[in-house]
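Have a look at start-v2.pdb below; it lists PDB, C-alpha atoms.
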```
ATOM      1  CA  MET A   1       4.332 -14.664  20.319
ATOM      2  CA  SER A   2       5.220 -12.872  17.096
ATOM      3  CA  LYS A   3       8.333 -14.919  16.485
ATOM      4  CA  SER A   4       6.452 -18.184  17.010
ATOM      5  CA  LEU A   5       3.771 -17.196  14.458
ATOM      6  CA  ILE A   6       6.366 -16.289  11.862
ATOM      7  CA  LYS A   7       8.280 -19.526  12.573
ATOM      8  CA  SER A   8       5.036 -21.520  12.249
ATOM      9  CA  ILE A   9       4.193 -19.920   8.926
ATOM     10  CA  ARG A  10       7.736 -20.492   7.645
ATOM     11  CA  LYS A  11       7.539 -24.194   8.605
ATOM     12  CA  ILE A  12       4.103 -24.662   6.991
ATOM     13  CA  VAL A  13       5.313 -22.939   3.802
ATOM     14  CA  GLU A  14       8.384 -25.198   3.666
ATOM     15  CA  ASP A  15       6.323 -28.358   4.317
ATOM     16  CA  ASN A  16       3.732 -27.531   1.655
ATOM     17  CA  GLY A  17       6.025 -26.129  -1.015
ATOM     18  CA  THR A  18       3.881 -23.032  -1.633
ATOM     19  CA  ASP A  19       4.159 -19.416  -0.591
ATOM     20  CA  LYS A  20       0.519 -18.485  -1.244
ATOM     21  CA  ILE A  21      -1.408 -17.531   1.882
ATOM     22  CA  ALA A  22      -4.864 -16.328   2.879
ATOM     23  CA  ILE A  23      -4.949 -14.187   6.015
ATOM     24  CA  PHE A  24      -8.063 -13.134   7.894
ATOM     25  CA  THR A  25      -8.396 -10.244  10.312
ATOM     26  CA  GLU A  26     -11.662  -9.242  11.948
ATOM     27  CA  ASN A  27     -12.641  -7.194   8.882
ATOM     28  CA  LEU A  28     -10.397  -8.254   6.002
ATOM     29  CA  LYS A  29      -9.471 -11.225   3.847
ATOM     30  CA  ILE A  30      -5.991 -10.844   2.385
ATOM     31  CA  ASP A  31      -4.546 -13.141  -0.287
ATOM     32  CA  GLY A  32      -0.977 -12.998  -1.496
ATOM     33  CA  ARG A  33       2.456 -14.553  -1.595
ATOM     34  CA  ILE A  34       4.317 -14.457   1.684
ATOM     35  CA  PHE A  35       7.766 -12.891   1.610
ATOM     36  CA  LEU A  36      10.204 -14.773   3.837
ATOM     37  CA  PRO A  37      13.665 -13.193   3.733
ATOM     38  CA  GLU A  38      16.575 -15.619   3.617
ATOM     39  CA  GLY A  39      19.055 -15.451   6.477
ATOM     40  CA  LYS A  40      19.052 -12.697   9.066
ATOM     41  CA  CYS A  41      17.069  -9.594   8.328
ATOM     42  CA  GLU A  42      17.985  -6.778  10.680
ATOM     43  CA  GLU A  43      15.720  -4.397   8.801
ATOM     44  CA  CYS A  44      12.656  -6.662   9.076
ATOM     45  CA  HIS A  45      10.144  -5.998  11.809
ATOM     46  CA  GLU A  46       9.094  -9.075  13.768
ATOM     47  CA  ASP A  47       5.534  -7.815  14.311
ATOM     48  CA  PHE A  48       4.657  -7.696  10.606
ATOM     49  CA  ILE A  49       4.212 -10.248   7.852
ATOM     50  CA  THR A  50       5.062  -9.031   4.366
ATOM     51  CA  LEU A  51       3.056 -10.159   1.338
ATOM     52  CA  GLU A  52       3.784  -9.703  -2.344
ATOM     53  CA  ASN A  53       0.976  -9.158  -4.852
ATOM     54  CA  ALA A  54      -1.623  -8.874  -2.079
ATOM     55  CA  LEU A  55      -5.360  -8.651  -2.686
ATOM     56  CA  VAL A  56      -7.270  -7.070   0.219
ATOM     57  CA  CYS A  57     -11.058  -7.455   0.468
ATOM     58  CA  ARG A  58     -13.430  -6.388   3.212
ATOM     59  CA  LEU A  59     -15.288  -9.389   4.625
ATOM     60  CA  GLU A  60     -18.611  -7.550   4.759
ATOM     61  CA  ASP A  61     -18.455  -7.070   0.978
ATOM     62  CA  TYR A  62     -18.484 -10.795   0.250
ATOM     63  CA  CYS A  63     -21.630 -12.250  -1.230
ATOM     64  CA  VAL A  64     -24.196 -13.739   1.140
ATOM     65  CA  CYS A  65     -27.079 -14.546  -1.207
ATOM     66  CA  ASN A  66     -28.265 -18.144  -1.608
ATOM     67  CA  ASP A  67     -30.402 -17.861  -4.756
ATOM     68  CA  ASP A  68     -29.728 -20.001  -7.813
ATOM     69  CA  ASP A  69     -29.565 -16.796  -9.884
ATOM     70  CA  CYS A  70     -27.274 -15.028  -7.401
ATOM     71  CA  GLU A  71     -24.548 -12.944  -9.000
ATOM     72  CA  CYS A  72     -21.933 -11.685  -6.577
ATOM     73  CA  HIS A  73     -18.894  -9.604  -7.282
ATOM     74  CA  ASP A  74     -15.816  -8.907  -5.140
ATOM     75  CA  TYR A  75     -15.615  -5.384  -6.515
ATOM     76  CA  VAL A  76     -14.478  -3.720  -3.293
ATOM     77  CA  CYS A  77     -11.014  -5.272  -3.288
ATOM     78  CA  PHE A  78      -7.672  -3.557  -3.648
ATOM     79  CA  ARG A  79      -4.390  -4.959  -4.966
ATOM     80  CA  TYR A  80      -0.967  -3.986  -3.602
ATOM     81  CA  ASN A  81       2.484  -4.983  -4.866
ATOM     82  CA  TRP A  82       3.735  -5.133  -1.256
ATOM     83  CA  LEU A  83       1.713  -5.177   1.955
ATOM     84  CA  ASN A  84       2.810  -5.433   5.600
ATOM     85  CA  ILE A  85       0.269  -6.947   7.990
ATOM     86  CA  CYS A  86       0.462  -6.505  11.755
ATOM     87  CA  ILE A  87       0.497 -10.032  13.171
ATOM     88  CA  HIS A  88      -1.451  -8.916  16.241
ATOM     89  CA  LYS A  89      -4.484  -8.279  13.997
ATOM     90  CA  ILE A  90      -4.478 -11.745  12.400
ATOM     91  CA  VAL A  91      -7.413 -13.929  13.404
ATOM     92  CA  SER A  92      -6.523 -16.886  11.164
ATOM     93  CA  PHE A  93      -4.461 -17.871   8.150
ATOM     94  CA  SER A  94      -4.176 -20.701   5.662
ATOM     95  CA  ILE A  95      -1.499 -21.711   3.214
ATOM     96  CA  VAL A  96      -3.116 -22.078  -0.230
ATOM     97  CA  GLU A  97      -1.933 -24.955  -2.373
ATOM     98  CA  GLU A  98      -1.578 -24.220  -6.053
TER
END
```
How would this structure read if it were set down as structure tokens?
Amino acid sequence: MSKSLIKSIRKIVEDNGTDKIAIFTENLKIDGRIFLPEGKCEECHEDFITLENALVCRLEDYCVCNDDDCECHDYVCFRYNWLNICIHKIVSFSIVEE
């Protein structure tokens, strides 16, 4: 299963010409640029997806107000230069066009 997810993501990235991705787990939204190593990567782990410049936010911290004067802030987010995500925790993902 892990290899098919990574192959699917690689194909979608190639077809859309962008490496930006949004990944959702049960509790997190993670935005970043997917790192796809060229050629064979014996050191890469097939159960993880690596992101560059990742922004991790807890889903429960996102704004839920509906008022016209609503002011929400994603202030409980953390940025990482590199982040490995266990593919077994991914609920959904989307390639983000620039």
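Residues in contact with stretch 77-81 of chain A at up to 8 Å, not including ones fewer than 3 positions away on its chain and judged by only C-alpha atoms, are Glu52, Asn53, Ala54, Leu55, Val56, Cys57, Arg58 and Asp74 of chain A.
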Surrounding residues of stretch 9-12 of chain A excluding itself and chain neighbours under 5 positions, 10 Å, only C-alpha atoms, as a PyMOL selection string:
chain A and resi 3-4+17-19+21+34-36+49+93-95
Selection dump of the PyMOL selection byres ((chain A and resi 91) around 9), as a PyMOL selection string
chain A and resi 23-26+87-90+92-93
One decimal, Å: what's the distance from atom CA of A:Leu83 over to atom CA of A:Gly32, could you say?
9.0 Å
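The interatomic distance for the pair atom CA of A:Ile85 and atom CA of A:Thr50 works out to 6.4 Å.
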In Å, with one decimal, what is the gap from atom CA of A:Asn16 to atom CA of A:Val96?
9.0 Å
Which of these residues is nearest to A:Phe48, using all atoms listed in the file: A:Ile30, A:Leu5, A:Val76, A:Cys65?
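Comparing A:Ile30, A:Leu5, A:Val76, A:Cys65 against A:Phe48, the winner is A:Leu5.
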So, with all atoms listed in the file as the atoms that count, which of A:Leu59, A:Glu46, A:Cys86, A:Lys29 lies closest to A:Ile6?
A:Glu46
